[in-house]
$ cat protein-v4.txt   # compact mmCIF, C-alpha atoms
# COMPACT_ATOMS: atom_id res chain seq x y z
CA MET A 1 -6.29 28.36 13.87
CA LYS A 2 -3.16 26.90 12.34
CA VAL A 3 -0.23 25.49 14.28
CA GLU A 4 1.99 28.31 12.95
CA GLU A 5 -0.26 30.94 14.48
CA LEU A 6 0.72 29.88 17.99
CA SER A 7 4.08 30.58 19.57
CA THR A 8 6.01 27.50 20.55
CA ALA A 9 5.39 28.43 24.18
CA GLU A 10 1.63 28.51 23.55
CA LEU A 11 1.87 25.29 21.61
CA ALA A 12 3.80 23.65 24.44
CA THR A 13 1.19 24.75 26.96
CA ARG A 14 -1.58 23.33 24.84
CA ALA A 15 0.35 20.10 24.20
CA ALA A 16 0.90 19.61 27.92
CA GLY A 17 -2.73 20.39 28.73
CA PRO A 18 -5.72 19.56 26.54
CA GLY A 19 -3.47 18.36 23.73
CA LEU A 20 -2.83 19.27 20.12
CA ASP A 21 -5.98 18.35 18.25
CA PHE A 22 -5.46 18.06 14.51
CA GLU A 23 -6.49 16.16 11.43
CA ALA A 24 -4.26 14.28 9.02
CA GLY A 25 -6.54 13.52 6.09
CA PRO A 26 -9.41 11.35 7.29
CA PHE A 27 -7.93 10.82 10.75
CA ARG A 28 -8.33 13.02 13.80
CA ILE A 29 -5.49 12.89 16.28
CA LEU A 30 -5.06 14.17 19.80
CA LEU A 31 -1.41 14.52 20.73
CA LYS A 32 -0.35 15.19 24.29
CA THR A 33 3.22 15.69 25.38
CA ARG A 34 5.40 17.62 27.78
CA LEU A 35 8.50 16.99 25.70
CA ARG A 36 9.52 20.45 24.58
CA GLY A 37 11.84 19.19 21.85
CA MET A 38 8.96 17.23 20.35
CA VAL A 39 6.76 20.32 20.32
CA ASP A 40 9.47 22.43 18.66
CA VAL A 41 9.80 19.97 15.77
CA PHE A 42 6.03 19.57 15.49
CA ALA A 43 5.69 23.36 15.26
CA ARG A 44 8.01 23.45 12.27
CA LEU A 45 6.82 20.41 10.35
CA TYR A 46 3.09 20.69 11.05
CA ALA A 47 3.03 24.50 10.76
CA GLY A 48 0.27 24.64 8.16
CA PHE A 49 -2.07 22.18 9.86
CA PRO A 50 -5.27 23.59 11.39
CA LEU A 51 -5.80 22.91 15.08
CA GLN A 52 -9.29 21.71 15.79
CA GLU A 53 -11.38 23.64 18.28
CA ARG A 54 -14.67 21.81 17.87
CA GLU A 55 -15.78 18.83 19.91
CA GLY A 56 -15.37 15.48 18.26
CA ILE A 57 -14.16 11.93 18.40
CA HIS A 58 -10.50 11.23 17.88
CA ASP A 59 -9.27 8.26 15.92
CA PHE A 60 -6.00 8.20 17.83
CA HIS A 61 -5.05 9.41 21.29
CA VAL A 62 -1.29 9.70 21.30
CA GLU A 63 1.04 10.63 24.12
CA LEU A 64 4.78 11.10 24.00
CA ILE A 65 6.17 10.88 27.51
CA ASP A 66 9.40 10.67 29.39
CA PRO A 67 8.49 7.69 31.58
CA ALA A 68 11.18 8.03 34.21
CA PRO A 69 12.45 11.55 34.68
CA LEU A 70 14.85 10.37 37.36
CA ARG A 71 16.82 8.37 34.83
CA ARG A 72 17.07 11.38 32.57
CA ARG A 73 20.59 12.07 33.69
CA PHE A 74 22.10 8.95 32.23
CA ARG A 75 19.73 7.69 29.50
CA PRO A 76 16.69 9.82 28.80
CA GLN A 77 13.91 8.10 26.89
CA SER A 78 10.62 8.78 25.17
CA HIS A 79 7.62 6.46 25.11
CA PHE A 80 4.89 6.41 22.51
CA LEU A 81 1.50 5.72 24.05
CA LEU A 82 -1.50 4.86 21.92
CA ASP A 83 -4.71 5.03 23.94
CA GLY A 84 -2.55 4.68 27.04
CA GLN A 85 -0.72 1.59 25.85
CA ALA A 86 2.94 1.44 24.80
CA PRO A 87 3.21 -0.74 21.69
CA PHE A 88 6.94 -0.08 21.23
CA GLU A 89 10.14 -0.11 23.17
CA PRO A 90 11.21 3.37 24.23
CA TYR A 91 13.36 5.56 22.01
CA PRO A 92 16.01 8.02 23.07
CA LEU A 93 14.37 11.19 24.29
CA ASP A 94 15.67 13.28 21.42
CA HIS A 95 14.10 10.86 18.90
CA ALA A 96 10.58 11.56 20.11
CA PHE A 97 9.44 13.08 16.82
CA PRO A 98 10.42 10.16 14.57
CA LEU A 99 8.91 7.87 17.21
CA PHE A 100 5.66 9.86 16.96
CA GLU A 101 5.62 9.60 13.18
CA TRP A 102 6.32 5.86 13.09
CA GLY A 103 3.92 5.24 15.94
CA LEU A 104 1.16 7.08 14.13
CA ASN A 105 1.84 5.03 11.00
CA TYR A 106 1.60 1.88 13.12
CA ALA A 107 -1.72 3.05 14.55
CA ILE A 108 -3.14 3.78 11.12
CA ALA A 109 -1.89 0.54 9.59
CA THR A 110 -3.32 -1.61 12.36
CA ARG A 111 -6.64 0.11 12.99
CA SER A 112 -7.98 1.70 9.85
CA HIS A 113 -9.70 -1.18 8.18
CA SER A 114 -12.61 0.67 6.68
CA TRP A 115 -10.07 1.69 4.02
CA CYS A 116 -8.00 -0.45 1.73
CA LEU A 117 -4.51 0.53 2.87
CA LEU A 118 -1.89 0.17 0.17
CA HIS A 119 1.78 0.50 1.05
CA SER A 120 2.49 3.28 -1.36
CA ALA A 121 3.44 6.89 -1.72
CA VAL A 122 0.79 8.90 -3.55
CA VAL A 123 1.00 12.28 -5.26
CA GLU A 124 -1.52 14.09 -7.45
CA LYS A 125 -1.60 16.53 -10.33
CA ASP A 126 -4.58 17.84 -12.27
CA GLY A 127 -6.93 15.60 -10.36
CA ARG A 128 -5.19 12.30 -11.07
CA ALA A 129 -3.13 10.40 -8.55
CA LEU A 130 0.18 8.66 -9.10
CA LEU A 131 0.89 5.72 -6.81
CA LEU A 132 4.48 4.76 -6.01
CA PRO A 133 4.21 1.43 -4.21
CA ALA A 134 7.38 -0.11 -2.92
CA LEU A 135 9.21 -1.69 -0.08
CA PRO A 136 11.44 0.43 2.16
CA GLY A 137 14.74 1.26 0.52
CA SER A 138 13.32 1.45 -2.99
CA GLY A 139 13.46 5.22 -3.02
CA LYS A 140 9.73 5.87 -3.00
CA SER A 141 9.90 8.52 -0.27
CA THR A 142 12.71 10.36 -2.04
CA LEU A 143 10.89 10.27 -5.36
CA CYS A 144 7.65 11.28 -3.76
CA ALA A 145 9.39 14.21 -2.03
CA ALA A 146 11.00 15.28 -5.30
CA LEU A 147 7.66 15.26 -7.12
CA MET A 148 6.06 17.23 -4.30
CA GLN A 149 8.77 19.85 -4.53
CA ARG A 150 8.11 20.11 -8.27
CA GLY A 151 4.45 20.91 -7.85
CA TRP A 152 2.70 17.61 -7.29
CA ARG A 153 0.35 17.50 -4.34
CA LEU A 154 1.37 15.08 -1.62
CA LEU A 155 -1.32 12.65 -0.54
CA SER A 156 1.01 10.44 1.48
CA ASP A 157 4.52 9.07 1.36
CA GLU A 158 3.46 5.81 3.03
CA PHE A 159 -0.25 5.02 2.62
CA GLY A 160 -2.41 4.68 -0.44
CA ILE A 161 -5.72 5.11 1.37
CA LEU A 162 -8.24 3.69 -1.04
CA ASP A 163 -11.93 4.26 -0.40
CA PRO A 164 -13.57 1.01 -1.50
CA ASP A 165 -16.89 2.75 -2.16
CA SER A 166 -15.78 5.68 -4.28
CA GLY A 167 -12.54 4.22 -5.66
CA LEU A 168 -10.80 7.48 -4.75
CA LEU A 169 -7.53 7.90 -2.86
CA GLN A 170 -7.72 9.84 0.38
CA PRO A 171 -4.94 12.27 1.23
CA MET A 172 -3.04 12.12 4.49
CA PRO A 173 -0.18 14.58 3.99
CA ARG A 174 2.41 14.41 6.75
CA PRO A 175 6.15 15.04 6.97
CA ILE A 176 8.19 12.77 4.69
CA PRO A 177 11.03 10.96 6.45
CA LEU A 178 14.18 11.14 4.34
CA LYS A 179 16.86 8.68 5.29
CA ASN A 180 20.62 8.61 5.05
CA ARG A 181 21.89 9.56 1.58
CA SER A 182 18.54 10.86 0.39
CA ILE A 183 18.77 13.67 2.96
CA ASP A 184 21.58 15.49 1.18
CA VAL A 185 20.15 14.56 -2.22
CA MET A 186 16.87 16.23 -1.38
CA ARG A 187 18.47 19.27 0.27
CA ALA A 188 20.36 19.86 -2.97
CA PHE A 189 17.31 19.10 -5.15
CA ALA A 190 14.92 21.32 -3.22
CA PRO A 191 16.74 23.78 -0.95
CA GLU A 192 13.46 25.69 -0.61
CA GLY A 193 11.87 22.75 1.20
CA VAL A 194 11.01 22.96 4.89
CA PHE A 195 13.28 20.44 6.57
CA GLY A 196 13.26 19.36 10.19
CA PRO A 197 16.31 18.61 12.32
CA ARG A 198 18.55 15.63 11.65
CA PHE A 199 17.89 12.63 13.91
CA PRO A 200 21.13 10.67 13.80
CA ARG A 201 21.39 6.92 14.26
CA THR A 202 17.71 6.06 14.58
CA ARG A 203 16.72 2.44 13.98
CA LYS A 204 16.38 3.37 10.30
CA GLY A 205 19.61 5.34 10.12
CA ASP A 206 19.82 9.13 10.01
CA VAL A 207 16.44 10.74 9.40
CA VAL A 208 15.38 14.25 8.38
CA HIS A 209 11.72 15.08 7.76
CA LEU A 210 10.49 17.25 4.91
CA ALA A 211 7.26 19.12 5.62
CA PRO A 212 4.35 18.71 3.20
CA THR A 213 3.82 21.71 0.95
CA SER A 214 1.18 24.19 2.00
CA GLU A 215 -1.01 23.20 -0.96
CA SER A 216 -0.87 19.56 0.14
CA VAL A 217 -2.02 20.50 3.63
CA ALA A 218 -4.66 22.96 2.45
CA ARG A 219 -6.23 20.27 0.23
CA GLN A 220 -5.87 17.40 2.68
CA HIS A 221 -9.55 16.54 2.47
CA GLN A 222 -9.74 16.43 -1.32
CA PRO A 223 -9.45 12.86 -2.61
CA ALA A 224 -7.97 12.04 -6.00
CA ARG A 225 -8.79 9.63 -8.79
CA PRO A 226 -6.12 6.96 -9.42
CA GLY A 227 -4.29 7.52 -12.70
CA TRP A 228 -0.99 5.66 -12.69
CA VAL A 229 0.97 3.10 -10.72
CA LEU A 230 4.76 3.23 -10.95
CA PHE A 231 6.81 0.66 -9.06
CA PRO A 232 10.00 2.60 -8.36
CA ARG A 233 13.45 1.19 -7.80
CA TYR A 234 16.45 3.37 -7.19
CA ARG A 235 19.75 2.24 -8.71
CA ALA A 236 22.77 4.46 -8.28
CA GLY A 237 23.88 5.77 -11.67
CA ALA A 238 21.08 4.04 -13.57
CA ALA A 239 19.42 5.70 -16.54
CA THR A 240 15.69 6.21 -16.11
CA ARG A 241 13.76 3.28 -17.52
CA ILE A 242 10.00 2.90 -17.60
CA THR A 243 8.50 -0.41 -18.70
CA PRO A 244 4.88 -1.59 -18.69
CA VAL A 245 3.65 -4.00 -16.03
CA ALA A 246 0.76 -6.34 -16.74
CA PRO A 247 -2.36 -5.42 -14.76
CA SER A 248 -2.57 -8.84 -13.12
CA GLN A 249 1.02 -8.54 -11.94
CA ALA A 250 0.37 -5.07 -10.63
CA PHE A 251 -2.63 -6.40 -8.70
CA VAL A 252 -0.55 -9.15 -7.11
CA ARG A 253 2.22 -6.77 -6.13
CA LEU A 254 -0.18 -4.22 -4.65
CA SER A 255 -2.17 -6.80 -2.73
CA ASN A 256 0.91 -8.57 -1.39
CA ASN A 257 2.29 -5.29 -0.19
CA ALA A 258 -0.94 -3.87 1.23
CA PHE A 259 -1.42 -3.45 4.97
CA ASN A 260 -4.85 -5.03 5.22
CA TYR A 261 -5.70 -6.80 1.95
CA GLN A 262 -6.43 -10.13 3.65
CA LEU A 263 -8.60 -8.48 6.27
CA GLY A 264 -10.53 -6.60 3.61
CA GLY A 265 -11.79 -9.79 1.99
CA GLU A 266 -13.84 -9.40 -1.14
CA THR A 267 -14.30 -5.68 -0.57
CA ALA A 268 -10.54 -5.29 -0.91
CA PHE A 269 -10.49 -7.54 -3.98
CA ARG A 270 -13.18 -5.48 -5.70
CA ALA A 271 -11.56 -2.18 -4.71
CA LEU A 272 -8.15 -3.19 -5.95
CA ALA A 273 -9.52 -4.67 -9.17
CA ALA A 274 -11.41 -1.43 -9.83
CA LEU A 275 -8.27 0.59 -9.18
CA ILE A 276 -6.20 -1.54 -11.54
CA ARG A 277 -8.81 -1.13 -14.25
CA ARG A 278 -8.47 2.66 -14.03
CA VAL A 279 -4.68 3.03 -14.08
CA SER A 280 -1.70 2.31 -16.27
CA CYS A 281 1.07 0.39 -14.53
CA HIS A 282 4.82 0.57 -15.04
CA ASP A 283 8.11 -0.41 -13.52
CA LEU A 284 10.42 2.50 -12.98
CA VAL A 285 14.18 2.30 -12.49
CA TYR A 286 15.89 5.57 -11.78
CA GLY A 287 19.21 6.97 -10.67
CA ASP A 288 18.79 10.70 -11.20
CA LEU A 289 16.04 12.75 -9.62
CA GLU A 290 15.88 15.58 -12.16
CA ASP A 291 15.68 13.13 -15.03
CA VAL A 292 13.08 10.87 -13.45
CA VAL A 293 10.84 13.80 -12.53
CA ALA A 294 10.95 14.99 -16.15
CA ARG A 295 10.17 11.51 -17.44
CA ILE A 296 7.23 11.15 -15.07
CA GLU A 297 5.93 14.52 -16.25
CA ASP A 298 6.07 13.21 -19.83
CA LEU A 299 4.39 9.94 -18.95
CA THR A 300 1.54 11.56 -17.07
CA ARG A 301 0.94 14.50 -19.40
CA MET B 302 -6.64 -42.93 -24.08
CA ALA B 303 -7.74 -42.48 -20.53
CA PHE B 304 -5.39 -41.64 -17.71
CA MET B 305 -4.32 -44.34 -15.31
CA THR B 306 -5.61 -42.20 -12.47
CA GLN B 307 -8.97 -41.84 -14.11
CA THR B 308 -9.88 -45.42 -14.65
CA ALA B 309 -10.51 -47.54 -11.59
CA PRO B 310 -9.24 -51.12 -11.78
CA ASP B 311 -12.75 -52.54 -11.60
CA ASN B 312 -13.94 -50.37 -14.53
CA GLN B 313 -15.84 -47.88 -12.41
CA GLU B 314 -16.88 -44.74 -14.26
CA VAL B 315 -14.21 -42.15 -15.05
CA ARG B 316 -14.08 -39.35 -12.53
CA ARG B 317 -15.51 -36.05 -13.62
CA TRP B 318 -14.56 -32.62 -12.37
CA ARG B 319 -16.53 -29.43 -11.97
CA GLY B 320 -15.59 -25.85 -11.27
CA LEU B 321 -16.88 -24.01 -8.25
CA PRO B 322 -20.07 -22.13 -9.18
CA SER B 323 -19.38 -18.57 -10.25
CA ASP B 324 -21.31 -17.16 -7.29
CA ARG B 325 -18.68 -18.63 -4.97
CA LEU B 326 -15.87 -16.87 -6.79
CA LEU B 327 -15.04 -13.35 -7.92
CA ARG B 328 -13.10 -13.07 -11.12
CA GLU B 329 -11.12 -10.24 -12.68
CA SER B 330 -9.69 -11.04 -16.10
CA TRP B 331 -7.06 -9.43 -18.23
CA ASP B 332 -5.48 -10.63 -21.44
CA GLU B 333 -2.50 -12.22 -19.76
CA ALA B 334 -4.08 -13.70 -16.63
CA SER B 335 -7.05 -13.72 -14.31
CA LEU B 336 -7.40 -13.19 -10.61
CA VAL B 337 -9.92 -15.31 -8.79
CA TYR B 338 -11.11 -14.55 -5.29
CA HIS B 339 -12.44 -17.56 -3.40
CA ARG B 340 -15.23 -16.18 -1.26
CA GLU B 341 -15.13 -18.92 1.36
CA SER B 342 -11.40 -19.12 1.93
CA GLY B 343 -10.72 -15.43 1.32
CA GLU B 344 -7.76 -16.40 -0.86
CA THR B 345 -6.90 -14.69 -4.13
CA HIS B 346 -5.37 -16.79 -6.90
CA LEU B 347 -3.57 -15.73 -10.03
CA LEU B 348 -4.47 -18.00 -12.93
CA GLY B 349 -2.75 -18.15 -16.26
CA PRO B 350 -4.91 -18.28 -19.41
CA LEU B 351 -4.98 -22.07 -19.59
CA ALA B 352 -5.95 -22.55 -15.96
CA ASP B 353 -8.55 -19.83 -16.27
CA GLN B 354 -10.03 -21.44 -19.37
CA ALA B 355 -10.07 -24.84 -17.65
CA LEU B 356 -11.95 -23.36 -14.73
CA LEU B 357 -14.46 -21.69 -17.04
CA LEU B 358 -15.11 -24.95 -18.91
CA LEU B 359 -15.52 -26.89 -15.70
CA GLN B 360 -17.96 -24.26 -14.46
CA GLU B 361 -20.04 -24.75 -17.61
CA ALA B 362 -20.39 -28.50 -17.14
CA PRO B 363 -18.66 -31.34 -15.31
CA MET B 364 -16.25 -33.33 -17.45
CA SER B 365 -13.53 -35.91 -17.29
CA LEU B 366 -9.87 -35.10 -17.70
CA ASP B 367 -10.00 -36.58 -21.17
CA GLN B 368 -12.91 -34.39 -22.16
CA LEU B 369 -11.32 -31.33 -20.67
CA ALA B 370 -8.02 -32.04 -22.41
CA GLU B 371 -9.83 -32.35 -25.73
CA ARG B 372 -11.74 -29.10 -25.26
CA LEU B 373 -8.69 -27.16 -24.20
CA ALA B 374 -6.61 -28.62 -27.04
CA ALA B 375 -9.22 -27.47 -29.50
CA LEU B 376 -9.27 -23.98 -28.04
CA CYS B 377 -5.48 -23.80 -28.03
CA GLU B 378 -5.26 -25.36 -31.49
CA THR B 379 -2.92 -28.04 -30.30
CA GLU B 380 -2.92 -31.81 -30.30
CA ALA B 381 -4.33 -33.63 -27.29
CA ASP B 382 -1.42 -36.03 -27.07
CA VAL B 383 -0.21 -37.77 -23.95
CA HIS B 384 1.99 -34.85 -22.90
CA TRP B 385 -0.90 -32.43 -23.25
CA ARG B 386 -3.13 -34.71 -21.23
CA GLN B 387 -0.53 -34.99 -18.50
CA ARG B 388 -0.27 -31.23 -18.43
CA ILE B 389 -4.03 -30.89 -18.03
CA GLU B 390 -4.05 -33.53 -15.31
CA THR B 391 -1.45 -31.56 -13.37
CA LEU B 392 -3.41 -28.37 -13.96
CA VAL B 393 -6.64 -29.85 -12.61
CA ALA B 394 -4.80 -31.25 -9.60
CA GLU B 395 -3.49 -27.75 -8.88
CA LEU B 396 -6.94 -26.21 -9.27
CA ALA B 397 -8.32 -28.87 -6.96
CA ALA B 398 -5.63 -28.09 -4.38
CA LEU B 399 -6.78 -24.45 -4.51
CA GLU B 400 -10.37 -25.65 -4.05
CA LEU B 401 -11.40 -24.03 -7.32
CA VAL B 402 -12.50 -27.34 -8.85
CA GLU B 403 -13.81 -30.46 -7.18
CA SER B 404 -14.95 -33.96 -7.99
CA ALA B 405 -18.40 -33.96 -9.56
CA ASP B 406 -19.04 -37.53 -8.50
CA PRO B 407 -20.20 -38.67 -5.08
$ encode --input "protein-v4.txt" --output "structure tokens"
Amino acid sequence: MKVEELSTAELATRAAGPGLDFEAGPFRILLKTRLRGMVDVFARLYAGFPLQEREGIHDFHVELIDPAPLRRRFRPQSHFLLDGQAPFEPYPLDHAFPLFEWGLNYAIATRSHSWCLLHSAVVEKDGRALLLPALPGSGKSTLCAALMQRGWRLLSDEFGILDPDSGLLQPMPRPIPLKNRSIDVMRAFAPEGVFGPRFPRTRKGDVVHLAPTSESVARQHQPARPGWVLFPRYRAGAATRITPVAPSQAFVRLSNNAFNYQLGGETAFRALAALIRRVSCHDLVYGDLEDVVARIEDLTR
Amino acid sequence: MAFMTQTAPDNQEVRRWRGLPSDRLLRESWDEASLVYHRESGETHLLGPLADQALLLLQEAPMSLDQLAERLAALCETEADVHWRQRIETLVAELAALELVESADP
């Protein structure tokens, strides 16, 4: 049964009781919450995700709670609990959904060391994956969202989950957080997209989430072979420019920016070296979404 | 001409250097550079072509700085003059600091 097949009332009852049991790529998550606003946003942005009915072990037990209902009148808050522990300071109550998303990213980044976790957006077309590794603010989420809305399959906007044994990238499609100016840019670029509500003045500015396409969710267990690495950098008004990057430089950038390269030891070294051998690497400067999407289509054809 | 740092005042033998055995390192090479993973420290190092070649030569057999400078000069088709030798001395010191080469003498 998919999330969208339940009414929000049914979803809320389940969330407050046994929990919402779902998979995001290789991870199984149990989410419990009584925060109705959180459930409403989840219902919209995770609509296509199957809810698990079978018994099993969860990678992450997550709770979103209002820790002190009595203080709700003057400053309501939401807490993110991971296996009963609160790793973060509380957020305003109406920011529970972005807190959930960031908290889940934190859980994955700090606990999933059987994978080589690259800090990268990843999309796929015709069986080959395009990695967009970058630091926050480089425009990787915006570019990744634009490619998804033009038919690429979303694997992740944040994690390049590299299987060191197979060399394949594992999908983990989840809502893409668009921030500040990119919100209106993406609404204009892809008005057909499924957008969540605006969360104003979060710690990362205004945030609106874009749901993964139904194809991305339906194929969330199909890994992809690495094909290209593009290091994106957004520059307002800049013409699209794509220039080659030496493989050794690409390796250094990817490893420096990975979540767990040091922990992975020689397994991570071998995995990353194998990935670099299979891909072509480029720097990408862009200032216009339509143009850059067309150029990427040409490059990857 | 030997380096001042190589020749002890009492005419002891010139120090020789050797590269860490290849089974203690992982190497991934491209045209422009190599990456070397040091299995004991867990560190990854980016080596330019000259440093990489120096490491390979010192893995083949221990040699003095003079010998290494001569071999590298021949490979690079350059003259092993004093500036070249100083460059190689600096290079070996850097490789030693990364624990990729070490003294071959007790």
$ residues_around --input "protein-v4.txt" --residues "segment 4-8 of chain A" --least-positions-apart "3" --cutoff "8 Å" --atoms "only C-alpha atoms" --output "ChimeraX atom specification"
/A:1,11-12,39-40,43-44,46-49
$ interface_residues --input "protein-v4.txt" --of "chain A" --to "chain B" --cutoff "12 Å" --atoms "only C-alpha atoms" --output "ChimeraX atom specification"
/A:245-253,255-256,261-277
$ residues_near_point --input "protein-v4.txt" --point "(-11.5, -24.3, -5.3)" --cutoff "9 Å" --atoms "only C-alpha atoms" --output "PyMOL selection string"
chain B and resi 320-321+326+339+342+396-403
$ write_last_selection --input "protein-v4.txt" --atoms "C-alpha atoms" --output "mmCIF file, in the coordinates of the input"
data_model
loop_
_atom_site.group_PDB
_atom_site.id
_atom_site.type_symbol
_atom_site.label_atom_id
_atom_site.label_comp_id
_atom_site.auth_asym_id
_atom_site.auth_seq_id
_atom_site.Cartn_x
_atom_site.Cartn_y
_atom_site.Cartn_z
ATOM 1 C CA GLY B 320 -15.590 -25.850 -11.270
ATOM 2 C CA LEU B 321 -16.880 -24.010 -8.250
ATOM 3 C CA LEU B 326 -15.870 -16.870 -6.790
ATOM 4 C CA HIS B 339 -12.440 -17.560 -3.400
ATOM 5 C CA SER B 342 -11.400 -19.120 1.930
ATOM 6 C CA LEU B 396 -6.940 -26.210 -9.270
ATOM 7 C CA ALA B 397 -8.320 -28.870 -6.960
ATOM 8 C CA ALA B 398 -5.630 -28.090 -4.380
ATOM 9 C CA LEU B 399 -6.780 -24.450 -4.510
ATOM 10 C CA GLU B 400 -10.370 -25.650 -4.050
ATOM 11 C CA LEU B 401 -11.400 -24.030 -7.320
ATOM 12 C CA VAL B 402 -12.500 -27.340 -8.850
ATOM 13 C CA GLU B 403 -13.810 -30.460 -7.180
#
$ closest_residue --input "protein-v4.txt" --among "A:Cys281, A:Cys116, A:Val41, A:Val292" --to "His209 of chain A" --atoms "all atoms listed in the file"
A:Val41
$ atom_distance --input "protein-v4.txt" --atom1 "atom CA of Ile161 of chain A" --atom2 "atom CA of Ile296 of chain A"
21.8 Å
$ atom_distance --input "protein-v4.txt" --atom1 "atom CA of Trp152 of chain A" --atom2 "atom CA of Val217 of chain A"
12.2 Å
$ atom_distance --input "protein-v4.txt" --atom1 "atom CA of Pro171 of chain A" --atom2 "atom CA of Gly196 of chain A"
21.5 Å
$ residues_around --input "protein-v4.txt" --residues "Ala239 of chain A" --least-positions-apart "6" --cutoff "12 Å" --atoms "all atoms listed in the file" --output "list in words"
Arg233, Leu284, Val285, Tyr286, Gly287, Asp288, Leu289, Glu290, Asp291, Val292 and Arg295 of chain A
$ closest_residue --input "protein-v4.txt" --among "B:Ala375, B:Ile389, B:Leu369, B:Met364" --to "Arg316 of chain B" --atoms "only C-alpha atoms"
B:Met364
$ closest_residue --input "protein-v4.txt" --among "A:Leu168, A:Leu64, A:Val3, A:Leu99" --to "Leu51 of chain A" --atoms "only C-alpha atoms"
A:Val3
